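Peer 1: Let me give you the structure first, and then I'll get to my questions.
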Amino acid sequence: MQPITFARVFIAGLAALACVSLRAEVSELRIAQQYGLNYLQLMVMEDQKLVEKHARADGLPDLKVSWPKLANGGMMNDALLSGDLDFVSGGIGPIITLWAKTRSSLDVRAVCAINSMPVVLTTRNPAIKTIKDFTDKDRIALPAIKVSIQAVTLQMAAAQAFGKADFARLDPLTVAMSHPDGAIALLSGGGEVNSHFTGPPFNYQELRNPAIHTVVSSYEILGGRTTSTLVWTTAKFRNENPRVYRAFYRALQEATQFINNNKQAAAELYIRLSKSRETVVDMMEVLNDPDIVFTLTPENVTKYAKFMYSVGSIKVQPETWKDMFFPEVYALPGS
């Protein structure tokens, strides 16, 4: 019998750890999305089974992927914290909020951006021309009060119009609704909701009605193009599931390339999966709008974080945009 040496024990230990690491990868991946064109990459990934494809290429042939839908980023964050979801998606507000709260615990960070699109405030009230024209008789539908990207952008607009001390002046007018429900409420012409802070394709649908007009968009408020939607997860999940994480990220890259290279196919896919009544011509109008950009590069996310810190919505401010993201995107020209 050969003598037991430290080297042999050490090698055996490494082998055992490797086996444990392989077993630690999850067998089912749960990725949540919301409603609207902002989530088109995730829809492509689901339809074309891109996560499964890249998982197989990395030695995980049996990964199952589920795609629950939730109405807003607040619900996403609750499900991520409870362990019911692995990747979640939404606007800048919810991820910045959770990043700030979990710095010393779960360390939630964004995987990447998935697009830059304006969020647009529309109204059917002809008296409203600017943010200053809203009164206590108006109601603004948006996905989540105070924390959604629409809610934070509304606060930024109020701070510009009324002064930073009055950043929350319009918060009492907001009503939490999913984008589809908000569009239905606005277009119906009845009920208390007469305005909607939303994004593509819902603002395009609304503005085809001559009784509805735009008040302001996020690009105007922030002075340029900004990230609208991101995906995020916990450091724990990324560390324990490196191959699954890698498959997810590579699938996002492929889906983004597919959309940018095949806009008509992407439009048809969106209509089919969302069961939208939009025509391909309508969707191509949206996808060809130069303000609509599918990209993994974060744009102007620090402006949101600095604002949220300045008004006390978060207790810590990132030094750079990279503080809020995992390293896979550090080489991108983010801001």
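Labels for the structure tokens follow display order: chains A, B, ..., residues from 1 in each chain, ligands from 1.
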Could you find all residues in region 193-259 of chain A that DSSP calls helix (DSSP H, G or I) from the backbone, and write them as a ChimeraX atom specification?
Peer 2: /A:202-207,218-222,235-240,242-259
Peer 1: List every residue of region 34-251 of chain A that DSSP, applied to the backbone of this structure, assigns to strand (DSSP E), and report them as a PyMOL selection string.
Peer 2: chain A and resi 64-66+88-90+108-116+120-123+140-142+174-176+195-198+213-217+227-234
Peer 1: Would you mind exporting the chosen residues as a compact mmCIF listing (two decimals), in the first residue's frame, restricted to C-alpha atoms?
Peer 2:
```txt
# COMPACT_ATOMS: atom_id res chain seq x y z
CA LYS A 64 -34.49 23.95 -16.87
CA VAL A 65 -35.47 27.60 -17.21
CA SER A 66 -38.74 29.16 -16.04
CA VAL A 88 -34.91 39.70 -11.95
CA SER A 89 -35.40 42.62 -14.30
CA GLY A 90 -36.72 46.13 -14.14
CA VAL A 108 -27.17 42.48 -5.05
CA ARG A 109 -25.74 44.00 -8.23
CA ALA A 110 -26.76 44.40 -11.83
CA VAL A 111 -25.61 41.88 -14.40
CA CYS A 112 -25.87 44.50 -17.16
CA ALA A 113 -28.21 46.95 -18.79
CA ILE A 114 -30.48 45.55 -21.48
CA ASN A 115 -31.61 48.73 -23.18
CA SER A 116 -31.76 52.49 -23.23
CA VAL A 120 -42.53 58.93 -21.14
CA LEU A 121 -45.20 60.78 -19.18
CA THR A 122 -48.42 61.03 -21.20
CA THR A 123 -51.75 62.63 -20.30
CA ILE A 140 -50.54 59.29 -12.73
CA ALA A 141 -50.32 55.55 -13.29
CA LEU A 142 -46.85 53.96 -12.98
CA THR A 174 -49.26 58.37 -8.37
CA VAL A 175 -51.17 55.10 -8.63
CA ALA A 176 -49.45 51.70 -8.92
CA SER A 195 -51.90 60.31 -17.00
CA HIS A 196 -49.42 57.48 -17.42
CA PHE A 197 -45.65 57.31 -16.90
CA THR A 198 -44.69 54.41 -19.14
CA HIS A 213 -50.10 64.03 -25.57
CA THR A 214 -46.61 63.83 -24.07
CA VAL A 215 -45.71 65.95 -21.06
CA VAL A 216 -42.03 65.01 -20.67
CA SER A 217 -39.61 62.11 -21.13
CA THR A 227 -30.58 53.08 -19.35
CA SER A 228 -34.18 52.10 -18.85
CA THR A 229 -34.01 48.42 -17.94
CA LEU A 230 -31.48 46.09 -16.32
CA VAL A 231 -31.19 42.57 -14.93
CA TRP A 232 -29.76 41.78 -11.50
CA THR A 233 -29.02 39.01 -9.04
CA THR A 234 -27.09 38.29 -5.84
```
Peer 1: Find the spatial neighbours of Ala32 (chain A), counting only C-alpha atoms, within a cut-off of 12 Å - ignore same-chain residues fewer than 5 positions away - and output them as a ChimeraX atom specification.
Peer 2: /A:39,42-43,45-46,65-73,75-80,84-90,230-233
Peer 1: Tell me, in Å to one decimal, how far CA of Gln41 (chain A) is from CA of Ala255 (chain A).
Peer 2: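 Interatomic distance, CA of Gln41 (chain A) to CA of Ala255 (chain A): 5.2 Å.
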Peer 1: Pick the closest to Ala211 (chain A) from A:Ala266, A:Val281, A:Met156, A:Ala127: which is it, counting only C-alpha atoms?
Peer 2: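 With only C-alpha atoms as the atom set, the closest residue is A:Ala127.
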Peer 1: Using only C-alpha atoms, determine which residues lie at most 7 Å from Ile96 (chain A), disregarding the query and same-chain residues fewer than 4 positions distant; provide the list as a ChimeraX atom specification.
Peer 2: /A:92,100,305
Peer 1: Would you mind listing what lies within 12 Å of Glu285 (chain A) as a list in words, with only C-alpha atoms counted and same-chain residues fewer than 3 positions away left out?
Peer 2: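 The contact residues come out as Pro200, Pro201, Tyr204, Gln205, Lys263, Gln264, Ala267, Glu278, Thr279, Val280, Val281, Asp282, Asn288, Asp289, Pro290, Asp291 and Ile292 of chain A.
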Peer 1: Please identify all polymer residues within 12 Å of Tyr330 (chain A), counting only C-alpha atoms, omitting same-chain residues fewer than 5 positions from it, and present them as a list in words.
Peer 2: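 Near neighbours after the sequence-gap exclusion: Ala110, Val111, Cys112, Ala113, Leu296, Thr297, Pro298, Thr320, Trp321, Lys322, Asp323, Met324, Phe325 and Ser335 of chain A.
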Peer 1: Suppose we keep C-alpha atoms; can you now write the selection as a PDB file, in the first residue's frame?
Peer 2:
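Written out: part.pdb:
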```pdb
ATOM      1  CA  ALA A 110     -26.763  44.403 -11.832  1.00  0.00           C
ATOM      2  CA  VAL A 111     -25.608  41.879 -14.396  1.00  0.00           C
ATOM      3  CA  CYS A 112     -25.865  44.500 -17.155  1.00  0.00           C
ATOM      4  CA  ALA A 113     -28.211  46.948 -18.785  1.00  0.00           C
ATOM      5  CA  LEU A 296     -25.801  45.869 -22.432  1.00  0.00           C
ATOM      6  CA  THR A 297     -23.889  49.100 -21.738  1.00  0.00           C
ATOM      7  CA  PRO A 298     -25.150  51.115 -18.725  1.00  0.00           C
ATOM      8  CA  THR A 320     -18.629  54.839 -10.110  1.00  0.00           C
ATOM      9  CA  TRP A 321     -21.236  52.931 -12.091  1.00  0.00           C
ATOM     10  CA  LYS A 322     -19.108  49.805 -11.708  1.00  0.00           C
ATOM     11  CA  ASP A 323     -19.893  49.634  -7.980  1.00  0.00           C
ATOM     12  CA  MET A 324     -23.450  48.618  -8.899  1.00  0.00           C
ATOM     13  CA  PHE A 325     -22.513  45.952 -11.471  1.00  0.00           C
ATOM     14  CA  SER A 335     -21.646  55.800 -17.161  1.00  0.00           C
TER      15      SER A 335
END
```
Peer 1: What's the 10 Å shell around region 164-173 of chain A, counting only C-alpha atoms, without same-chain residues fewer than 6 positions away, as a compact mmCIF listing (two decimals) with N, CA and C atoms, in the first residue's frame?
Peer 2:
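Produced file part-v1.txt, reproduced below:
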```txt
# COMPACT_ATOMS: atom_id res chain seq x y z
N ILE A 131 -44.76 69.67 -16.13
CA ILE A 131 -44.86 69.08 -14.79
C ILE A 131 -45.57 70.01 -13.81
N LYS A 132 -45.39 71.30 -13.97
CA LYS A 132 -45.96 72.27 -13.03
C LYS A 132 -47.48 72.36 -13.11
N PHE A 134 -49.72 69.85 -13.08
CA PHE A 134 -50.49 68.81 -12.38
C PHE A 134 -51.10 69.39 -11.10
N THR A 135 -52.33 68.97 -10.81
CA THR A 135 -53.01 69.38 -9.59
C THR A 135 -53.43 68.13 -8.81
N ASP A 136 -53.99 68.35 -7.64
CA ASP A 136 -54.40 67.21 -6.82
C ASP A 136 -55.59 66.46 -7.40
N LYS A 137 -56.13 66.94 -8.52
CA LYS A 137 -57.23 66.24 -9.19
C LYS A 137 -56.72 65.22 -10.20
N ASP A 138 -55.42 65.27 -10.51
CA ASP A 138 -54.84 64.37 -11.50
C ASP A 138 -54.30 63.11 -10.85
N ARG A 139 -54.25 62.03 -11.62
CA ARG A 139 -53.68 60.77 -11.14
C ARG A 139 -52.77 60.20 -12.23
N ILE A 140 -51.57 59.78 -11.82
CA ILE A 140 -50.54 59.29 -12.73
C ILE A 140 -50.30 57.81 -12.46
N ALA A 141 -50.58 56.98 -13.43
CA ALA A 141 -50.32 55.55 -13.29
C ALA A 141 -48.84 55.28 -13.59
N ILE A 145 -44.97 52.81 -6.86
CA ILE A 145 -44.84 54.12 -6.23
C ILE A 145 -43.48 54.26 -5.57
N LYS A 146 -42.83 55.39 -5.79
CA LYS A 146 -41.57 55.81 -5.17
C LYS A 146 -40.32 55.10 -5.66
N ALA A 151 -41.22 56.41 -11.18
CA ALA A 151 -41.43 57.19 -9.96
C ALA A 151 -40.22 58.05 -9.63
N VAL A 152 -39.02 57.49 -9.79
CA VAL A 152 -37.80 58.26 -9.50
C VAL A 152 -37.63 59.37 -10.53
N LEU A 154 -40.01 60.89 -12.11
CA LEU A 154 -41.00 61.90 -11.76
C LEU A 154 -40.49 62.78 -10.62
N GLN A 155 -39.83 62.18 -9.65
CA GLN A 155 -39.24 62.95 -8.56
C GLN A 155 -38.14 63.89 -9.07
N MET A 156 -37.34 63.41 -10.00
CA MET A 156 -36.30 64.26 -10.58
C MET A 156 -36.92 65.44 -11.33
N ALA A 157 -38.01 65.18 -12.04
CA ALA A 157 -38.70 66.26 -12.75
C ALA A 157 -39.28 67.27 -11.77
N ALA A 158 -39.86 66.77 -10.67
CA ALA A 158 -40.42 67.67 -9.66
C ALA A 158 -39.33 68.51 -9.00
N VAL A 193 -57.54 57.83 -13.34
CA VAL A 193 -56.23 57.93 -13.98
C VAL A 193 -56.35 58.69 -15.29
N SER A 195 -53.28 60.19 -16.53
CA SER A 195 -51.90 60.31 -17.00
C SER A 195 -51.19 58.98 -16.76
N PHE A 307 -28.95 61.24 -7.55
CA PHE A 307 -30.19 61.91 -7.16
C PHE A 307 -30.83 61.20 -5.97
N SER A 310 -29.04 62.00 -2.89
CA SER A 310 -29.18 63.41 -2.47
C SER A 310 -30.50 63.68 -1.78
N VAL A 311 -31.54 62.90 -2.11
CA VAL A 311 -32.85 63.13 -1.47
C VAL A 311 -33.12 62.12 -0.35
```
Peer 1: Nearest residue to Ile31 (chain A) out of A:Lys236, A:Pro126, A:Ser105, A:Phe248, using only C-alpha atoms?
Peer 2: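 Counting only C-alpha atoms, the residue closest to Ile31 (chain A) is A:Phe248.
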Peer 1: Take CA of Leu40 (chain A) and CA of Arg208 (chain A) and report the distance between them in Å, one decimal.
Peer 2: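 These two atoms are separated by 22.0 Å.
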Peer 1: Work out how far CA of Phe294 (chain A) is from CA of Glu206 (chain A), in Å to one decimal.
Peer 2: 22.3 Å
